[in-house]
Every structure is written in C-alpha cells, then in structure tokens.
>>> print(open('entry00.cif').read())   # mmCIF, C-alpha atoms
data_input
loop_
_atom_site.label_atom_id
_atom_site.label_comp_id
_atom_site.auth_asym_id
_atom_site.auth_seq_id
_atom_site.Cartn_x
_atom_site.Cartn_y
_atom_site.Cartn_z
CA MET A 1 6.25 16.81 -11.09
CA PRO A 2 9.44 14.73 -11.07
CA ILE A 3 8.69 11.06 -11.54
CA GLU A 4 10.71 10.23 -8.42
CA TYR A 5 7.93 11.75 -6.32
CA TYR A 6 5.40 9.33 -7.75
CA PHE A 7 7.77 6.41 -7.20
CA SER A 8 8.36 7.53 -3.61
CA LEU A 9 4.62 7.65 -3.01
CA ALA A 10 4.31 4.14 -4.46
CA LEU A 11 7.18 2.99 -2.22
CA VAL A 12 5.41 4.32 0.88
CA MET A 13 2.19 2.55 -0.10
CA PHE A 14 4.03 -0.70 -0.81
CA LEU A 15 5.81 -0.54 2.56
CA CYS A 16 2.48 -0.10 4.33
CA GLY A 17 1.18 -3.14 2.46
CA VAL A 18 4.23 -5.26 3.34
CA CYS A 19 3.94 -4.36 7.01
CA GLY A 20 0.24 -5.20 6.96
CA VAL A 21 0.84 -8.61 5.41
CA LEU A 22 3.67 -9.46 7.80
CA PHE A 23 2.26 -8.15 11.05
CA ARG A 24 -1.52 -8.27 11.05
CA ARG A 25 -3.15 -11.40 12.41
CA ASN A 26 -6.59 -10.79 10.92
CA ILE A 27 -6.91 -12.29 7.44
CA LEU A 28 -9.16 -9.43 6.29
CA PHE A 29 -6.34 -6.97 7.04
CA VAL A 30 -3.87 -9.15 5.15
CA LEU A 31 -6.10 -9.14 2.06
CA MET A 32 -6.55 -5.35 2.26
CA SER A 33 -2.78 -4.94 2.54
CA ILE A 34 -2.36 -7.03 -0.61
CA GLU A 35 -4.73 -4.64 -2.38
CA LEU A 36 -2.58 -1.77 -1.14
CA MET A 37 0.57 -3.35 -2.60
CA LEU A 38 -1.12 -4.00 -5.93
CA ASN A 39 -2.16 -0.35 -6.05
CA ALA A 40 1.39 0.79 -5.37
CA VAL A 41 2.53 -1.24 -8.36
CA ASN A 42 -0.29 0.25 -10.45
CA LEU A 43 0.90 3.74 -9.53
CA VAL A 44 4.40 2.89 -10.78
CA PHE A 45 2.93 1.53 -14.02
CA VAL A 46 0.83 4.63 -14.67
CA SER A 47 3.65 7.04 -13.79
CA GLY A 48 6.04 5.21 -16.08
CA SER A 49 3.45 5.11 -18.82
CA THR A 50 2.89 8.86 -18.58
CA PHE A 51 6.60 9.53 -18.39
CA LEU A 52 7.51 7.39 -21.40
CA LYS A 53 4.40 8.46 -23.36
CA ASN A 54 3.70 4.77 -23.93
CA LEU A 55 0.25 3.42 -23.10
CA ASP A 56 1.31 -0.20 -22.51
CA GLY A 57 1.66 0.53 -18.79
CA GLN A 58 -1.96 1.59 -18.56
CA ILE A 59 -3.04 -1.63 -20.30
CA MET A 60 -1.03 -3.54 -17.71
CA VAL A 61 -2.86 -1.66 -14.93
CA PHE A 62 -6.12 -2.76 -16.52
CA PHE A 63 -5.04 -6.41 -16.28
CA VAL A 64 -3.70 -5.98 -12.75
CA ILE A 65 -7.04 -4.56 -11.62
CA THR A 66 -8.88 -7.49 -13.22
CA VAL A 67 -6.64 -10.05 -11.55
CA ALA A 68 -6.94 -8.17 -8.25
CA ALA A 69 -10.72 -8.40 -8.46
CA CYS A 70 -10.51 -12.17 -9.02
CA GLU A 71 -8.01 -12.51 -6.18
CA ALA A 72 -10.22 -10.56 -3.80
CA ALA A 73 -13.29 -12.63 -4.68
CA VAL A 74 -11.53 -15.98 -4.21
CA GLY A 75 -9.67 -14.79 -1.10
CA LEU A 76 -12.82 -13.55 0.58
CA ALA A 77 -14.61 -16.80 -0.29
CA MET A 78 -11.74 -18.60 1.43
CA VAL A 79 -12.15 -16.32 4.45
CA ILE A 80 -15.81 -17.28 4.66
CA ALA A 81 -14.97 -20.99 4.32
CA LEU A 82 -12.25 -20.74 6.99
CA PHE A 83 -14.57 -18.91 9.36
CA ARG A 84 -17.18 -21.63 8.89
CA ARG A 85 -14.65 -24.39 9.53
CA TYR A 86 -12.66 -22.90 12.42
CA GLY A 87 -14.89 -20.14 13.79
CA THR A 88 -12.15 -17.51 13.64
CA ILE A 89 -10.28 -15.46 11.04
CA LYS A 90 -7.08 -14.94 13.02
CA SER A 91 -4.14 -16.39 11.16
CA GLU A 92 -2.42 -17.88 14.21
CA PHE A 93 -5.19 -20.48 14.48
CA PHE A 94 -4.50 -21.91 11.04
CA ARG A 95 -1.49 -24.07 11.79
CA ILE A 96 -2.15 -27.33 9.98
CA LEU A 97 0.97 -26.86 7.86
CA ARG A 98 3.08 -26.44 10.97
CA GLY A 99 2.92 -30.21 11.57
CA MET B 1 2.45 25.87 -8.47
CA SER B 2 -1.09 24.51 -8.48
CA ASP B 3 0.36 21.22 -9.78
CA GLN B 4 2.54 21.04 -6.69
CA LEU B 5 -0.43 21.79 -4.46
CA VAL B 6 -2.58 19.04 -6.03
CA PHE B 7 0.22 16.46 -5.88
CA TRP B 8 1.22 17.13 -2.28
CA GLY B 9 -2.38 17.21 -1.15
CA LEU B 10 -3.14 13.87 -2.80
CA ALA B 11 0.15 12.33 -1.68
CA GLY B 12 -0.33 13.39 1.92
CA PHE B 13 -3.81 11.97 2.19
CA ILE B 14 -2.81 8.77 0.33
CA THR B 15 0.03 8.23 2.80
CA LEU B 16 -2.22 8.87 5.78
CA SER B 17 -4.91 6.51 4.55
CA SER B 18 -2.38 3.77 3.68
CA VAL B 19 -1.03 3.93 7.21
CA ALA B 20 -4.59 3.88 8.51
CA VAL B 21 -5.44 0.72 6.53
CA VAL B 22 -2.73 -1.30 8.27
CA THR B 23 -2.86 0.26 11.74
CA VAL B 24 -6.53 0.67 12.70
CA ARG B 25 -8.07 -2.09 14.77
CA ASN B 26 -11.53 -2.27 13.25
CA PRO B 27 -11.81 -3.87 9.77
CA VAL B 28 -14.71 -1.58 8.79
CA THR B 29 -12.57 1.49 9.48
CA ALA B 30 -9.75 -0.09 7.47
CA ALA B 31 -12.09 -0.73 4.54
CA VAL B 32 -13.28 2.88 4.58
CA ALA B 33 -9.67 4.08 4.71
CA LEU B 34 -8.98 1.80 1.73
CA VAL B 35 -11.86 3.42 -0.17
CA ILE B 36 -10.39 6.87 0.51
CA ASN B 37 -6.93 5.65 -0.51
CA LEU B 38 -8.07 4.14 -3.82
CA PHE B 39 -10.27 7.14 -4.64
CA LEU B 40 -7.38 9.56 -4.12
CA LEU B 41 -5.16 7.28 -6.20
CA ALA B 42 -7.72 7.60 -9.02
CA GLY B 43 -7.23 11.34 -8.56
CA VAL B 44 -3.49 10.90 -9.09
CA TYR B 45 -4.15 8.89 -12.27
CA ALA B 46 -6.48 11.59 -13.60
CA PHE B 47 -3.89 14.21 -12.65
CA GLN B 48 -1.40 12.38 -14.84
CA GLY B 49 -3.84 12.25 -17.74
CA ALA B 50 -4.68 8.53 -17.44
CA ASP B 51 -8.43 9.07 -17.60
CA PHE B 52 -9.43 5.51 -18.45
CA VAL B 53 -7.42 3.98 -15.61
CA ALA B 54 -8.83 6.55 -13.19
CA ALA B 55 -12.38 5.61 -14.21
CA ILE B 56 -11.89 1.85 -13.85
CA GLN B 57 -10.04 2.44 -10.58
CA ILE B 58 -13.14 4.09 -9.14
CA ILE B 59 -15.61 1.64 -10.69
CA VAL B 60 -13.80 -1.64 -9.99
CA TYR B 61 -11.73 -0.93 -6.89
CA THR B 62 -13.80 1.43 -4.79
CA GLY B 63 -17.09 0.29 -6.30
CA ALA B 64 -16.65 -3.47 -6.31
CA ILE B 65 -13.65 -4.83 -4.43
CA VAL B 66 -13.91 -2.80 -1.23
CA VAL B 67 -17.68 -3.26 -1.16
CA LEU B 68 -16.96 -7.01 -1.38
CA PHE B 69 -14.75 -6.64 1.71
CA LEU B 70 -17.53 -4.83 3.55
CA PHE B 71 -20.04 -7.52 2.53
CA VAL B 72 -17.79 -10.25 3.87
CA ILE B 73 -17.32 -8.37 7.14
CA MET B 74 -21.10 -8.13 7.33
CA ILE B 75 -21.68 -11.81 6.46
CA LEU B 76 -19.15 -13.05 9.01
CA ASN B 77 -21.03 -11.06 11.67
CA LEU B 78 -18.07 -11.17 14.03
CA ASP B 79 -18.14 -10.37 17.69
CA PRO B 80 -16.37 -7.15 18.61
CA GLU B 81 -13.53 -9.09 20.24
CA HIS B 82 -13.09 -11.10 17.05
CA LEU B 83 -12.78 -7.88 15.08
CA ARG B 84 -9.91 -6.59 17.15
CA SER B 85 -6.38 -7.79 16.66
CA PRO B 86 -4.02 -8.27 19.58
CA ARG B 87 -1.44 -5.59 20.12
CA PRO B 88 1.88 -6.51 18.45
CA ARG B 89 4.68 -7.55 20.77
CA ILE B 90 7.91 -5.64 21.20
CA TRP B 91 10.06 -7.88 18.96
CA GLU B 92 7.48 -7.45 16.24
CA HIS B 93 7.99 -3.71 16.45
CA LEU B 94 11.73 -4.25 16.12
CA VAL B 95 11.43 -6.54 13.09
CA LEU B 96 8.93 -4.08 11.60
CA GLY B 97 11.41 -1.26 11.97
CA VAL B 98 14.20 -3.28 10.34
CA VAL B 99 11.95 -4.32 7.45
CA ILE B 100 10.78 -0.75 6.86
CA ALA B 101 14.34 0.57 7.03
CA GLY B 102 15.59 -2.08 4.60
CA PHE B 103 12.87 -1.47 2.05
CA ALA B 104 13.19 2.30 2.40
CA TYR B 105 16.94 2.05 1.85
CA ILE B 106 16.53 -0.11 -1.27
CA GLY B 107 13.89 2.29 -2.57
CA TYR B 108 16.09 5.28 -1.81
CA ARG B 109 19.03 3.73 -3.66
CA PHE B 110 16.77 2.97 -6.61
CA LEU B 111 15.31 6.48 -6.73
CA ASP B 112 18.77 7.96 -6.33
CA SER B 113 20.07 5.96 -9.28
CA LEU B 114 17.28 7.18 -11.56
CA ASP B 115 18.30 9.79 -14.06
CA VAL B 116 15.00 10.98 -15.40
CA GLY B 117 13.21 14.26 -15.76
CA LYS B 118 9.69 15.38 -15.04
CA VAL B 119 6.51 13.56 -15.90
CA ALA B 120 5.17 15.25 -18.99
CA SER B 121 2.57 17.79 -18.02
CA ASN B 122 1.10 17.92 -21.52
CA ARG B 123 -1.51 15.19 -21.43
CA LEU B 124 -1.85 12.61 -24.16
CA PRO B 125 -5.00 13.48 -26.08
CA ASP B 126 -7.83 10.97 -26.30
CA ASN B 127 -6.45 8.69 -23.63
CA THR B 128 -9.41 6.29 -23.58
CA TYR B 129 -9.48 6.04 -27.38
CA ASP B 130 -5.76 5.25 -27.53
CA VAL B 131 -6.01 2.68 -24.73
CA ALA B 132 -8.88 0.97 -26.54
CA MET B 133 -6.95 0.88 -29.81
CA ILE B 134 -4.02 -0.85 -28.12
CA LEU B 135 -6.16 -3.10 -25.94
CA PHE B 136 -8.18 -4.50 -28.84
CA SER B 137 -5.25 -4.95 -31.20
CA ASN B 138 -1.97 -5.85 -29.48
CA TYR B 139 -3.57 -7.13 -26.27
CA LEU B 140 -6.61 -8.89 -27.68
CA TRP B 141 -5.57 -12.38 -26.59
CA PRO B 142 -4.72 -11.41 -22.99
CA PHE B 143 -8.06 -9.59 -22.88
CA GLU B 144 -9.93 -12.74 -23.89
CA ILE B 145 -7.92 -14.95 -21.53
CA VAL B 146 -8.74 -12.60 -18.66
CA SER B 147 -12.43 -13.22 -19.32
CA ILE B 148 -11.81 -16.94 -18.77
CA LEU B 149 -9.95 -16.08 -15.55
CA ILE B 150 -12.95 -14.09 -14.31
CA LEU B 151 -15.29 -16.97 -15.12
CA LEU B 152 -13.04 -19.36 -13.18
CA ALA B 153 -12.92 -16.93 -10.25
CA ILE B 154 -16.73 -16.72 -10.16
CA VAL B 155 -17.15 -20.50 -10.19
CA GLY B 156 -14.29 -21.01 -7.74
CA SER B 157 -15.46 -18.48 -5.18
CA VAL B 158 -19.00 -19.85 -5.24
CA ALA B 159 -17.68 -23.41 -4.84
CA ILE B 160 -15.36 -22.43 -1.98
CA ALA B 161 -17.88 -20.33 -0.06
CA LYS B 162 -20.75 -22.79 -0.47
CA LYS B 163 -22.06 -24.37 2.68
CA PRO B 164 -20.79 -27.97 2.82
CA LYS B 165 -23.48 -30.64 2.74
#
>>> encode(input="entry00.cif", output="structure tokens")
Amino acid sequence: MPIEYYFSLALVMFLCGVCGVLFRRNILFVLMSIELMLNAVNLVFVSGSTFLKNLDGQIMVFFVITVAACEAAVGLAMVIALFRRYGTIKSEFFRILRG
Amino acid sequence: MSDQLVFWGLAGFITLSSVAVVTVRNPVTAAVALVINLFLLAGVYAFQGADFVAAIQIIVYTGAIVVLFLFVIMILNLDPEHLRSPRPRIWEHLVLGVVIAGFAYIGYRFLDSLDVGKVASNRLPDNTYDVAMILFSNYLWPFEIVSILILLAIVGSVAIAKKPK
C-alpha cells in the first residue's frame, strides 16, 4: 500500500481528535479525543518506521503509549477531583481562569 | 488484492469509529467506539509487520486506558442528563467546518508534496527481537526514565483523586 494512504488515515483520525477537543463540552470526551490524536501520531510513526525499515519509530510509539497511559491516569484523577469539587464535568463551568 | 481489501476494510471502520468517538452523546458508547478504533489500529500495525507495537496497543490501550475511562464513568455515577452534551450551536458548526477544511488542506498539501513509494510488503523478520535489541541498548536511559514517570503518575493520580479531609 502507498504510504500516503496510511498518512491520510492518520490525518482523518487526528482531525476527529481536534474537533473533539475543540467542540465537546464534556471533559471525558476531550480526554478520549486526546487519545485519538495520540493514536494518529502513532500510526504515522509506525508507517514511517515500516517504510524506512528503521525500528526507531516503533520505539517512539512504545514511549508515546507509556506517556499516554500516565496522561490518562492523571487526567481521569483530575476529572474525579473536579466532579467532587464542582459537581459537574462540563467544561463551561470551570471558569476560574476567566477572571 | 487481498492487501487492498484488508487495508480498506480496516481504514473504513477506523474512520467510522473515530467519527463515532467525537459525535456520540453517551460517554460509554464513545468509550466502546474507542476500543473498536484502537483494536483495529492494532490490526493495521500487525498488517504492517509491527507485531510488538500491535501487542502493546491491545494490552495497554484497549486493555488498560479505555477500561480506566469506563471505570471513571462508573465511579462518577452521573445522571443521564449529566452524561449528555448540549447540541453545538450554529457558529460552532461553521468554525468546525473551517477548522476541518484548513487541516485537510494542509494535510493534502503535505501528502501531495511527498515523493515516496509503497510501504514495504516484505515484513522485517523477528520484529519483537529487533525492537528489544534497540530498546535495551540505544534507548535504555529513556526506558528507565519512563519508569520514574509512571511512578510519579501513580502517586500523582492517587493524591489528586483522594477525598480531601
């Protein structure tokens, strides 16, 4: 398969993730969209690694997955803390920084 | 020919499930769509001969991260009206369209400028062995530092989610 097809698939996934982050109000959806974007980047890494016959890209995917797991754990802990404090997980209610 | 069939099948369902993750209204449905998406992506990795990455994709992503999402949805125990998001307004649709068009155009220009051939169909032999050799030689220090990162994430998430006294 031409590598452009894989990159196009990654582009579609990344666009879905961007739209989710920008336009969903529920923090759980925002976190899932971030996972989607990370996976799009992983797909580019693996395709490039296969194309160049160089395994460094797959090592990088390994690290990205590890960091994504940490990010999901801390992010979901923050969701629980926010829900306890404010009783909602909709992002329009968190407006302390708005002044 | 069968390569084409596998790729287009996987790509179609990955696209559908990605759209489902960001458009459905119930977080549980979105999490299940995310599981399907990540599982099919592991299929793409295996199709490209990246066996090790495909395995950790299934174990870590679909086995741990998405289950964590489902656990949090369960712990929060939200009312059904909390679970639903409000419908986006019309200007949001407009901005969404512009953003999508802009990104798609940039991506199209990038893909158009690429001058590369096909992804090699002959798989690298002993993928997991080769990955391990590189990981434990060139990338030994990042590997160890990542273990510290995981430890910090464990402590941090417990400290953040703990019930305040």
>>> residues_around(input="entry00.cif", residues="Glu92 in chain B", least_positions_apart="6", cutoff="10 Å", atoms="all atoms listed in the file", output="JSON, numbers by chain")
{"A": [22, 23], "B": [98]}
>>> write_last_selection(input="entry00.cif", atoms="C-alpha atoms", output="tab-separated table (two decimals), in the coordinates of the input")
chain	number	residue	atom	x	y	z
A	22	LEU	CA	3.67	-9.46	7.80
A	23	PHE	CA	2.26	-8.15	11.05
B	98	VAL	CA	14.20	-3.28	10.34
>>> residues_around(input="entry00.cif", residues="Ala33 in chain B", least_positions_apart="3", cutoff="6 Å", atoms="only C-alpha atoms", output="NGL selection string")
:B and (17 or 21 or 30 or 36)
>>> write_last_selection(input="entry00.cif", atoms="C-alpha atoms", output="PDB file, in the frame of the given file")
ATOM      1  CA  SER B  17      -4.910   6.510   4.550  1.00  0.00           C
ATOM      2  CA  VAL B  21      -5.440   0.720   6.530  1.00  0.00           C
ATOM      3  CA  ALA B  30      -9.750  -0.090   7.470  1.00  0.00           C
ATOM      4  CA  ILE B  36     -10.390   6.870   0.510  1.00  0.00           C
TER       5      ILE B  36
END
>>> interface_residues(input="entry00.cif", of="chain A", to="chain B", cutoff="7 Å", atoms="all atoms listed in the file", output="ChimeraX atom specification")
/A:1-4,9,11-13,15-16,19-20,25-26,29,33,46,50-51,55,58-59,62,69-70,72-74,76-78,80-81
>>> write_last_selection(input="entry00.cif", atoms="C-alpha atoms", output="mmCIF file, keeping the file's coordinate frame")
data_model
loop_
_atom_site.group_PDB
_atom_site.id
_atom_site.type_symbol
_atom_site.label_atom_id
_atom_site.label_comp_id
_atom_site.auth_asym_id
_atom_site.auth_seq_id
_atom_site.Cartn_x
_atom_site.Cartn_y
_atom_site.Cartn_z
ATOM 1 C CA MET A 1 6.250 16.810 -11.090
ATOM 2 C CA PRO A 2 9.440 14.730 -11.070
ATOM 3 C CA ILE A 3 8.690 11.060 -11.540
ATOM 4 C CA GLU A 4 10.710 10.230 -8.420
ATOM 5 C CA LEU A 9 4.620 7.650 -3.010
ATOM 6 C CA LEU A 11 7.180 2.990 -2.220
ATOM 7 C CA VAL A 12 5.410 4.320 0.880
ATOM 8 C CA MET A 13 2.190 2.550 -0.100
ATOM 9 C CA LEU A 15 5.810 -0.540 2.560
ATOM 10 C CA CYS A 16 2.480 -0.100 4.330
ATOM 11 C CA CYS A 19 3.940 -4.360 7.010
ATOM 12 C CA GLY A 20 0.240 -5.200 6.960
ATOM 13 C CA ARG A 25 -3.150 -11.400 12.410
ATOM 14 C CA ASN A 26 -6.590 -10.790 10.920
ATOM 15 C CA PHE A 29 -6.340 -6.970 7.040
ATOM 16 C CA SER A 33 -2.780 -4.940 2.540
ATOM 17 C CA VAL A 46 0.830 4.630 -14.670
ATOM 18 C CA THR A 50 2.890 8.860 -18.580
ATOM 19 C CA PHE A 51 6.600 9.530 -18.390
ATOM 20 C CA LEU A 55 0.250 3.420 -23.100
ATOM 21 C CA GLN A 58 -1.960 1.590 -18.560
ATOM 22 C CA ILE A 59 -3.040 -1.630 -20.300
ATOM 23 C CA PHE A 62 -6.120 -2.760 -16.520
ATOM 24 C CA ALA A 69 -10.720 -8.400 -8.460
ATOM 25 C CA CYS A 70 -10.510 -12.170 -9.020
ATOM 26 C CA ALA A 72 -10.220 -10.560 -3.800
ATOM 27 C CA ALA A 73 -13.290 -12.630 -4.680
ATOM 28 C CA VAL A 74 -11.530 -15.980 -4.210
ATOM 29 C CA LEU A 76 -12.820 -13.550 0.580
ATOM 30 C CA ALA A 77 -14.610 -16.800 -0.290
ATOM 31 C CA MET A 78 -11.740 -18.600 1.430
ATOM 32 C CA ILE A 80 -15.810 -17.280 4.660
ATOM 33 C CA ALA A 81 -14.970 -20.990 4.320
#
>>> atom_distance(input="entry00.cif", atom1="CA of Leu82 in chain A", atom2="CA of Phe94 in chain A")
8.8 Å
>>> atom_distance(input="entry00.cif", atom1="CA of Phe83 in chain A", atom2="CA of Leu36 in chain A")
23.4 Å
>>> atom_distance(input="entry00.cif", atom1="CA of Val61 in chain A", atom2="CA of Phe13 in chain B")
21.9 Å
>>> closest_residue(input="entry00.cif", among="B:Val67, B:Ile59, B:Leu40, B:Leu140", to="Leu43 in chain A", atoms="only C-alpha atoms")
B:Leu40
>>> closest_residue(input="entry00.cif", among="A:Tyr6, A:Val30, A:Gly17, A:Gly57", to="Ile89 in chain A", atoms="all atoms listed in the file")
A:Val30
